[in-house]
Amino acid sequence: MICDVCGKRAASLFDRVVENGKTLEYAYCEACYTRALKEGIAPSEAAKERIARKGMECGRCGTTKEQFESGLFFGCPDCYRDMREVARAAIARLQTGEARAISSAFDRKIPKIAVEKSGFKTADECTAEELTRDAAISSRIRLARNVEGRSFPRIMTAADMGTVDVIKGAVRAAEGIFDARILTMSGLNKAEKKLLLEKHLISLPLANNDSCGAVIIEKGDSYRISVMVNEEDCIREQCVADGHSLRCAYEKLHAYDLALMRELPIAYDREFGFLTACPTNVGTGMRASQMLCLPALERTEAIDDVLKTFGNLYGLTVRGYFGEGSGASYGMYQVSNSRTYGISEKETVELVISAVERICYLERVALEKLFKEHKTPLLKGIRDSYGRLAYAYSLTLPELLEKLADVRLGVILGELPVKNMAVINMLIERCITSPEITTGGISDEERCIARANIVRKLITEEK
Ligand SMILES: [Zn+2]
Ligand SMILES: [Zn+2]
């Protein structure tokens, strides 16, 4: 028998109470029995209270239903098990939108083999590969994981620590997959943190977690895989890849994820899947996202329809990448899955891929429309922007992004000396991650000049 007070330890003491003519039996472990007496309450009262609260609090970390509902964060993996109904209701409320395959309405035959044609190709002449190559900038997979028996980082106490074991496990899992380097937040200075933030290798909450935050990154310059320890969840794995390569990023990260599960007791539940601090991530714990450049949809004012359609119908989130809500998105959008429950990891990847292909198709249709209806202003904007970048002395990031949207369209239309979109993608990456620009200690003015140097070189020398 299990103790009626803690619901964990074996009971060794028993008690019978008569209440309203009914005989009730309670069982206690020694610890709970003596604690109740010490606190001056009858052990049966403690048991009754506890039974009444069943399903409304976590026996391990003490998080209550009320606490959860005020912030939507659970305290530890056991919260899901002790408050199953609460978790079910939250998931039903938070994870809305149908996670279904994109088909029928958007189904059209994207040719498998490229049409031979020089210059501008219409949407119907492009293969999916051509469409995405011209609009997809980068792909990213993130997996949230936690460890059995440990609280989630936001309520972690000294008793839960053992961070070193988690880091060690996460590093061991990297063996044979990537060359791991550990950086603890307490060991980094402000400038170093800023650099990692700009490269999206750490998040702001992690940067501020000096007590137990750490990041494991790949040695060298590629930083494809990174692992945050003690961010919102104990472990957040991430893999980034260029262009339209979600499948490739997923495969790489999945290999690491499997190794991680061999090294650490990752919190998993048969009903809920991977257990995460916030139920918006429970299930796969996965966020598959792709950054897209969609200037034509933005200029033809069709972007809002696209955001709505893909957002509501397919359980996806499509939003401006820069300055959310400010309207200044520079044509850059991020498409990601919003559901993590009731869908598998592979299905999630395929869902985002098919959505991206449809969105890129619509972007090309919008460009055809622009070209047909506003040819002169379109081509003028493209040439002006190219000229500005090719002769830039100094460039702010917003100005660069604004001009690049034009230049991308110019590359697609075959109107510029630059013929290869990879050059433009490289330029975006260098301008956000290049050491000349991101190293601390240089002024904004120097940064803008360094940025202009990189841009000028890339677009005039590499064709
Ligand atoms: Zn007990
Ligand atoms: Zn708990």
# chains A, B, ... in the order shown; residues from 1 in each chain; ligands from 1
>>> residues_near_ligand(ligand="ligand 1", cutoff="9 Å", atoms="only C-alpha atoms and all ligand atoms", output="number ranges by chain")
A: 2-11, 27-33
>>> select_by_dssp(residues="segment 71-288 of chain A", states="alpha helix (DSSP H)", output="ChimeraX atom specification")
/A:71,77-82,84-94,128-135,163-173,190-198,204-207,246-263
>>> closest_residue(among="A:Ser70, A:Ser329, A:Ser226, A:Thr132", to="Ala170 of chain A", atoms="only C-alpha atoms")
A:Ser226
>>> residues_near_ligand(ligand="ligand 2", cutoff="7 Å", atoms="only C-alpha atoms and all ligand atoms", output="PyMOL selection string")
chain A and resi 58-63+74-79+151
>>> residues_around(residues="segment 344-346 of chain A", least_positions_apart="3", cutoff="12 Å", atoms="only C-alpha atoms", output="ChimeraX atom specification")
/A:99-101,141-143,246-251,253-254,257,272-274,282-288,337,339-341,349-353
>>> select_by_dssp(residues="segment 87-234 of chain A", states="strand (DSSP E)", output="PyMOL selection string")
chain A and resi 136-145+180-184+214-218+225-229
>>> closest_residue(among="A:Leu404, A:Leu307, A:Val229, A:Leu313", to="Ile217 of chain A", atoms="only C-alpha atoms")
A:Val229
>>> closest_residue(among="A:Ser336, A:Thr460, A:Ser443, A:Ser203", to="Gly387 of chain A", atoms="only C-alpha atoms")
A:Thr460
>>> residues_around(residues="Ala302 of chain A", least_positions_apart="6", cutoff="10 Å", atoms="only C-alpha atoms", output="list in words")
Ala296, Leu362, Glu363 and Ala366 of chain A
>>> closest_residue(among="A:Val407, A:Cys448, A:Val166, A:Cys239", to="Pro265 of chain A", atoms="only C-alpha atoms")
A:Val166
>>> closest_residue(among="A:Thr396, A:Glu461, A:Cys234, A:Thr280", to="Glu446 of chain A", atoms="only C-alpha atoms")
A:Thr396
>>> residues_around(residues="Gly243 of chain A", least_positions_apart="5", cutoff="12 Å", atoms="only C-alpha atoms", output="NGL selection string")
:A and (129-140 or 248-249 or 289-293 or 353 or 356 or 421-426 or 428-429)
>>> closest_residue(among="A:Ser245, A:Thr276, A:Thr23, A:Thr127", to="Cys360 of chain A", atoms="only C-alpha atoms")
A:Thr127
>>> decode(residues="segment 191-254 of chain A", atoms="C-alpha atoms", output="tab-separated table (two decimals), in the first residue's frame")
chain	number	residue	atom	x	y	z
A	191	ALA	CA	30.38	40.85	-25.55
A	192	GLU	CA	30.74	37.09	-25.88
A	193	LYS	CA	27.11	36.59	-24.93
A	194	LYS	CA	26.02	39.22	-27.43
A	195	LEU	CA	27.87	37.41	-30.19
A	196	LEU	CA	26.17	34.10	-29.31
A	197	LEU	CA	22.81	35.86	-29.18
A	198	GLU	CA	23.28	37.37	-32.63
A	199	LYS	CA	24.12	33.95	-34.01
A	200	HIS	CA	20.95	32.56	-32.40
A	201	LEU	CA	23.04	30.05	-30.49
A	202	ILE	CA	21.66	31.20	-27.17
A	203	SER	CA	18.48	33.02	-26.12
A	204	LEU	CA	18.11	36.00	-23.82
A	205	PRO	CA	16.70	33.94	-20.91
A	206	LEU	CA	19.68	31.60	-21.18
A	207	ALA	CA	22.17	34.48	-21.37
A	208	ASN	CA	20.73	35.78	-18.10
A	209	ASN	CA	20.95	32.40	-16.37
A	210	ASP	CA	24.38	32.78	-14.80
A	211	SER	CA	23.64	30.27	-12.06
A	212	CYS	CA	23.34	27.14	-14.20
A	213	GLY	CA	22.93	28.06	-17.89
A	214	ALA	CA	25.30	26.61	-20.47
A	215	VAL	CA	25.52	26.04	-24.19
A	216	ILE	CA	27.26	23.28	-26.10
A	217	ILE	CA	28.33	24.33	-29.56
A	218	GLU	CA	30.21	22.83	-32.42
A	219	LYS	CA	33.93	23.60	-32.59
A	220	GLY	CA	35.03	25.60	-35.62
A	221	ASP	CA	32.92	28.14	-37.45
A	222	SER	CA	29.93	26.24	-38.72
A	223	TYR	CA	27.85	26.06	-35.49
A	224	ARG	CA	25.30	23.86	-37.17
A	225	ILE	CA	24.28	22.07	-34.00
A	226	SER	CA	23.97	23.74	-30.63
A	227	VAL	CA	22.49	22.61	-27.33
A	228	MET	CA	21.22	24.98	-24.66
A	229	VAL	CA	21.19	23.65	-21.11
A	230	ASN	CA	18.75	25.11	-18.57
A	231	GLU	CA	16.87	27.49	-20.79
A	232	GLU	CA	13.06	27.16	-20.51
A	233	ASP	CA	13.57	23.40	-20.72
A	234	CYS	CA	16.54	21.44	-19.38
A	235	ILE	CA	17.80	20.78	-22.89
A	236	ARG	CA	17.07	22.54	-26.15
A	237	GLU	CA	18.79	21.05	-29.18
A	238	GLN	CA	19.00	23.04	-32.38
A	239	CYS	CA	20.27	22.46	-35.88
A	240	VAL	CA	20.46	25.12	-38.59
A	241	ALA	CA	21.04	24.58	-42.31
A	242	ASP	CA	21.18	26.83	-45.37
A	243	GLY	CA	18.29	27.15	-47.79
A	244	HIS	CA	15.41	24.71	-48.05
A	245	SER	CA	17.00	21.86	-46.08
A	246	LEU	CA	14.69	21.04	-43.18
A	247	ARG	CA	14.95	17.30	-43.81
A	248	CYS	CA	18.70	17.44	-43.68
A	249	ALA	CA	18.68	19.52	-40.47
A	250	TYR	CA	16.20	17.12	-38.92
A	251	GLU	CA	18.21	14.03	-39.75
A	252	LYS	CA	21.33	15.49	-38.23
A	253	LEU	CA	19.57	16.58	-35.06
A	254	HIS	CA	17.61	13.35	-34.77
